[in-house]
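Structure record follows, encoded as structure tokens.
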Number of protein chains: 4
Amino acid sequence: MDGYPFAHDVRVRFAETDAQAIAHHASFVVWLEVTRVAYLAEFAGGYAAIRSRGIEALTTGVHVEYERPAEFDDVLTIHARCVDVRGARFRYEYVVERAGERIATAYTTHATVDRETYRPVRVPGWLLDDLLRTGAPPTAS
Amino acid sequence: MDGYPFAHDVRVRFAETDAQAIAHHASFVVWLEVTRVAYLAEFAGGYAAIRSRGIEALTTGVHVEYERPAEFDDVLTIHARCVDVRGARFRYEYVVERAGERIATAYTTHATVDRETYRPVRVPGWLLDDLLRTGAPPTAS
Amino acid sequence: MDGYPFAHDVRVRFAETDAQAIAHHASFVVWLEVTRVAYLAEFAGGYAAIRSRGIEALTTGVHVEYERPAEFDDVLTIHARCVDVRGARFRYEYVVERAGERIATAYTTHATVDRETYRPVRVPGWLLDDLLRTGAPPTAS
Amino acid sequence: MDGYPFAHDVRVRFAETDAQAIAHHASFVVWLEVTRVAYLAEFAGGYAAIRSRGIEALTTGVHVEYERPAEFDDVLTIHARCVDVRGARFRYEYVVERAGERIATAYTTHATVDRETYRPVRVPGWLLDDLLRTGAPPTAS
């Protein structure tokens, strides 16, 4: 997808549906995280590598706009890009598609902290490079 | 809490924590829903009453800003108000507190649809009255 | 309930339902844990107290028999007793009721380990007394 | 795996871990279901095909024995077989492995019911054949 060089697929689990017979809206928040983990595995040596360097990444904000419901067993493609790295903060943007149709958009904000003290630390240069290695524009839309 | 005439308590479950030893950020999204259900039980005869009149309420947006982590067994107070009812759309705003300290703020957006056709229907007058019965100002901050 | 001196109520959350319009069967596993936490708060100074003494309790087995479905907003009463403490192992038994009707039975098995080494340690005497303080017979049915 | 002709992989999500820094024990229950859905897709035309013929499959029992913890980002292989089809009831057995090491065993029991009336119906012949097509022995261990 233009401007989103990374994508990850998830299949809607039955446990993720609700009594409206659609995927519960909180499930999307979990899928965004699954996508970030896959993104880090692809571009930054994985989440474990980041933690092994003494960095923990916290989620400081979650914003999802739902356009169409997802249903059990749907395969969803989550396009992601990392943008707006500033000091100890960065941001991911997402588009969730099903069979080429957009069903949700989202962004999440994050902060890097020291694993021991939980104090903010600047996103290290090596991680900055990795996060943005995808060619995504370094500023948010 | 000033401007938020309704509050609901939740206790952080062990299953809601994650390997950072804090409540997983998606758990907050579930707690907001638990709070809305309690709100409707208090002011609008309950969610079942709404459905029995042929109305379904969809969640169209979720926005959470996390300020401090919650931990296992914490008792959180979620203050809520319903604001901004317009046509088929309405919005809840929330403040999440622990022992009087704010740890998160949030808002969610919703649409009322016909239970059979899933087409948007205006928020009915009786529900409008109930939603806003709390004395919350009918416009968002 | 005869033989089950402890009980804890949970209300079925919308997020816990699935597309069969009933509570997802994995939700019961979480409710059993919620009940154990409440049990420990009542009889053993709480889970935090146990951990502060260097003990971690692991779940080694989960067994649930579902007799009737639970639905959204149902209030369920989970009766629990701790039985069969032997060495580093103990066991809880449960009956889940809705309005006096039994809808599920369950038992879970647990082991106490050292918090640092994760090696099994005998259930300490003080905890043994607390666990069984409820008057439940110390042997399983 | 000998006697288990079907296997499905899952990767432990961060949201599925808990404050003990391991996968929460309820997560396994969800993974068993994910495996059954994949099993049905492989052998019986998928869960949707079964429902389209007017059959609903309920979960009537869940039994998990945990031998070793799973951690974030672990890839687990869940071996499954369907056994013991009798009247309206059938049973799945599972072995959960990580890198060839067994970490859990489980079995779940199920009943087929009419989608409209929720009354038990015999497992239909076409489904029976599909369920057992894997070559698994038709009797439980």
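Residues in the structure tokens are named by chain (A, B, ... in the order shown) and by number from 1 within that chain; ligands are numbered from 1 in the order shown.
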
At most 10 Å to chain A: residues in chain D, only C-alpha atoms, as an NGL selection string: :D and (11-16 or 29-31 or 33-34 or 37-38 or 46-48 or 72-73)

Do a neighbour search on Asp129 (chain D) at 10 Å with only C-alpha atoms, toss out local chain neighbours closer than 5 positions, and write the hits as a list of chain:residue names.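 Contacts, with the query itself left out: D:Phe43, D:Ala44, D:Val123, D:Pro124, D:Thr134.
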
As a PyMOL selection string, please: the residues near region 97-109 of chain B (cut-off 8 Å, only C-alpha atoms, same-chain neighbours under 5 positions excluded). chain B and resi 59-70+74-79+89-92

Could you please take those selected residues and save C-alpha atoms as an mmCIF file, in the first residue's frame?
data_model
loop_
_atom_site.group_PDB
_atom_site.id
_atom_site.type_symbol
_atom_site.label_atom_id
_atom_site.label_comp_id
_atom_site.auth_asym_id
_atom_site.auth_seq_id
_atom_site.Cartn_x
_atom_site.Cartn_y
_atom_site.Cartn_z
ATOM 1 C CA THR B 59 -18.725 1.469 18.432
ATOM 2 C CA THR B 60 -17.255 3.580 15.646
ATOM 3 C CA GLY B 61 -14.179 4.969 17.362
ATOM 4 C CA VAL B 62 -11.949 4.375 20.396
ATOM 5 C CA HIS B 63 -9.402 6.881 21.664
ATOM 6 C CA VAL B 64 -7.362 6.319 24.811
ATOM 7 C CA GLU B 65 -4.487 8.373 26.238
ATOM 8 C CA TYR B 66 -2.505 6.463 28.864
ATOM 9 C CA GLU B 67 -0.814 8.583 31.524
ATOM 10 C CA ARG B 68 0.215 6.027 34.144
ATOM 11 C CA PRO B 69 0.162 2.227 34.151
ATOM 12 C CA ALA B 70 -2.398 0.239 36.137
ATOM 13 C CA ASP B 74 -5.716 -2.015 41.358
ATOM 14 C CA VAL B 75 -9.229 -0.683 41.781
ATOM 15 C CA LEU B 76 -9.897 1.868 39.049
ATOM 16 C CA THR B 77 -12.750 4.346 38.989
ATOM 17 C CA ILE B 78 -13.991 5.165 35.504
ATOM 18 C CA HIS B 79 -15.904 8.425 35.280
ATOM 19 C CA ARG B 89 -24.230 9.455 16.535
ATOM 20 C CA PHE B 90 -23.159 10.003 20.112
ATOM 21 C CA ARG B 91 -20.001 10.086 22.125
ATOM 22 C CA TYR B 92 -18.803 9.106 25.583
#

Write out as a PyMOL selection string which residues come within 12 Å of Arg119 (chain C) when counting only C-alpha atoms, dropping same-chain ones fewer than 4 positions away. chain C and resi 54-58+88+111-115

DSSP on the backbone, helix (DSSP H, G or I) only: what residues of region 10-104 of chain D does that give? Format it as an MDAnalysis selection string. chainID D and resid 14:16 25:43 47:52

Serialized selection, N, CA and C atoms, as a short mmCIF file (atom, residue, chain, number, x, y, z; two decimals), in the first residue's frame:
data_model
loop_
_atom_site.label_atom_id
_atom_site.label_comp_id
_atom_site.auth_asym_id
_atom_site.auth_seq_id
_atom_site.Cartn_x
_atom_site.Cartn_y
_atom_site.Cartn_z
N PHE D 14 1.91 -10.60 22.67
CA PHE D 14 2.24 -9.91 23.92
C PHE D 14 0.99 -9.76 24.79
N ALA D 15 -0.14 -9.50 24.15
CA ALA D 15 -1.40 -9.35 24.89
C ALA D 15 -1.79 -10.64 25.61
N GLU D 16 -1.22 -11.76 25.20
CA GLU D 16 -1.56 -13.05 25.82
C GLU D 16 -0.65 -13.39 26.99
N HIS D 25 -2.65 -18.76 31.25
CA HIS D 25 -3.13 -20.12 31.00
C HIS D 25 -4.44 -20.14 30.20
N ALA D 26 -5.25 -19.08 30.26
CA ALA D 26 -6.48 -19.07 29.46
C ALA D 26 -6.18 -18.94 27.96
N SER D 27 -5.00 -18.42 27.62
CA SER D 27 -4.65 -18.27 26.20
C SER D 27 -4.62 -19.62 25.49
N PHE D 28 -4.20 -20.65 26.21
CA PHE D 28 -4.15 -21.98 25.60
C PHE D 28 -5.54 -22.42 25.13
N VAL D 29 -6.56 -22.06 25.89
CA VAL D 29 -7.92 -22.46 25.54
C VAL D 29 -8.33 -21.83 24.21
N VAL D 30 -7.90 -20.59 24.00
CA VAL D 30 -8.18 -19.92 22.73
C VAL D 30 -7.39 -20.58 21.59
N TRP D 31 -6.15 -20.93 21.86
CA TRP D 31 -5.33 -21.57 20.80
C TRP D 31 -5.88 -22.93 20.39
N LEU D 32 -6.45 -23.66 21.34
CA LEU D 32 -7.07 -24.94 20.97
C LEU D 32 -8.21 -24.69 19.99
N GLU D 33 -8.98 -23.65 20.24
CA GLU D 33 -10.09 -23.32 19.33
C GLU D 33 -9.56 -22.91 17.96
N VAL D 34 -8.52 -22.09 17.94
CA VAL D 34 -7.91 -21.68 16.67
C VAL D 34 -7.48 -22.93 15.89
N THR D 35 -6.96 -23.90 16.62
CA THR D 35 -6.51 -25.14 15.98
C THR D 35 -7.68 -25.94 15.42
N ARG D 36 -8.80 -25.99 16.18
CA ARG D 36 -9.98 -26.72 15.68
C ARG D 36 -10.52 -26.06 14.41
N VAL D 37 -10.52 -24.73 14.40
CA VAL D 37 -11.01 -24.01 13.22
C VAL D 37 -10.13 -24.34 12.01
N ALA D 38 -8.82 -24.38 12.22
CA ALA D 38 -7.89 -24.73 11.13
C ALA D 38 -8.08 -26.18 10.71
N TYR D 39 -8.34 -27.04 11.67
CA TYR D 39 -8.60 -28.47 11.40
C TYR D 39 -9.84 -28.61 10.51
N LEU D 40 -10.90 -27.92 10.87
CA LEU D 40 -12.14 -28.01 10.10
C LEU D 40 -11.94 -27.42 8.70
N ALA D 41 -11.13 -26.38 8.59
CA ALA D 41 -10.85 -25.80 7.28
C ALA D 41 -10.12 -26.80 6.40
N GLU D 42 -9.27 -27.59 7.03
CA GLU D 42 -8.46 -28.56 6.30
C GLU D 42 -9.28 -29.79 5.91
N PHE D 43 -10.12 -30.25 6.82
CA PHE D 43 -10.75 -31.55 6.60
C PHE D 43 -12.25 -31.51 6.34
N TYR D 47 -15.62 -24.23 9.16
CA TYR D 47 -16.69 -24.08 10.14
C TYR D 47 -17.94 -23.48 9.49
N ALA D 48 -17.72 -22.56 8.54
CA ALA D 48 -18.85 -21.93 7.86
C ALA D 48 -19.68 -22.98 7.12
N ALA D 49 -19.00 -23.97 6.51
CA ALA D 49 -19.71 -25.03 5.78
C ALA D 49 -20.61 -25.82 6.72
N ILE D 50 -20.10 -26.07 7.92
CA ILE D 50 -20.88 -26.83 8.90
C ILE D 50 -22.12 -26.04 9.33
N ARG D 51 -21.90 -24.77 9.61
CA ARG D 51 -23.03 -23.93 10.01
C ARG D 51 -24.06 -23.79 8.88
N SER D 52 -23.56 -23.75 7.64
CA SER D 52 -24.47 -23.57 6.51
C SER D 52 -25.37 -24.79 6.36
#

Residue with smallest distance to Phe6 (chain D) - pool D:Leu128, D:Ala80, D:Val121, D:Ile22, counting only C-alpha atoms: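 Using only C-alpha atoms, the shortest distance to Phe6 (chain D) belongs to D:Ala80.
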
If you run DSSP on this backbone, which residues of chain B come out as strand (DSSP E), and could you give them as a PyMOL selection string? chain B and resi 6-11+55-66+75-86+89-98+101-114

Using Å and a single decimal, report how far CA of Leu127 (chain A) sits from CA of Asp84 (chain A).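 The value is 13.3 Å.
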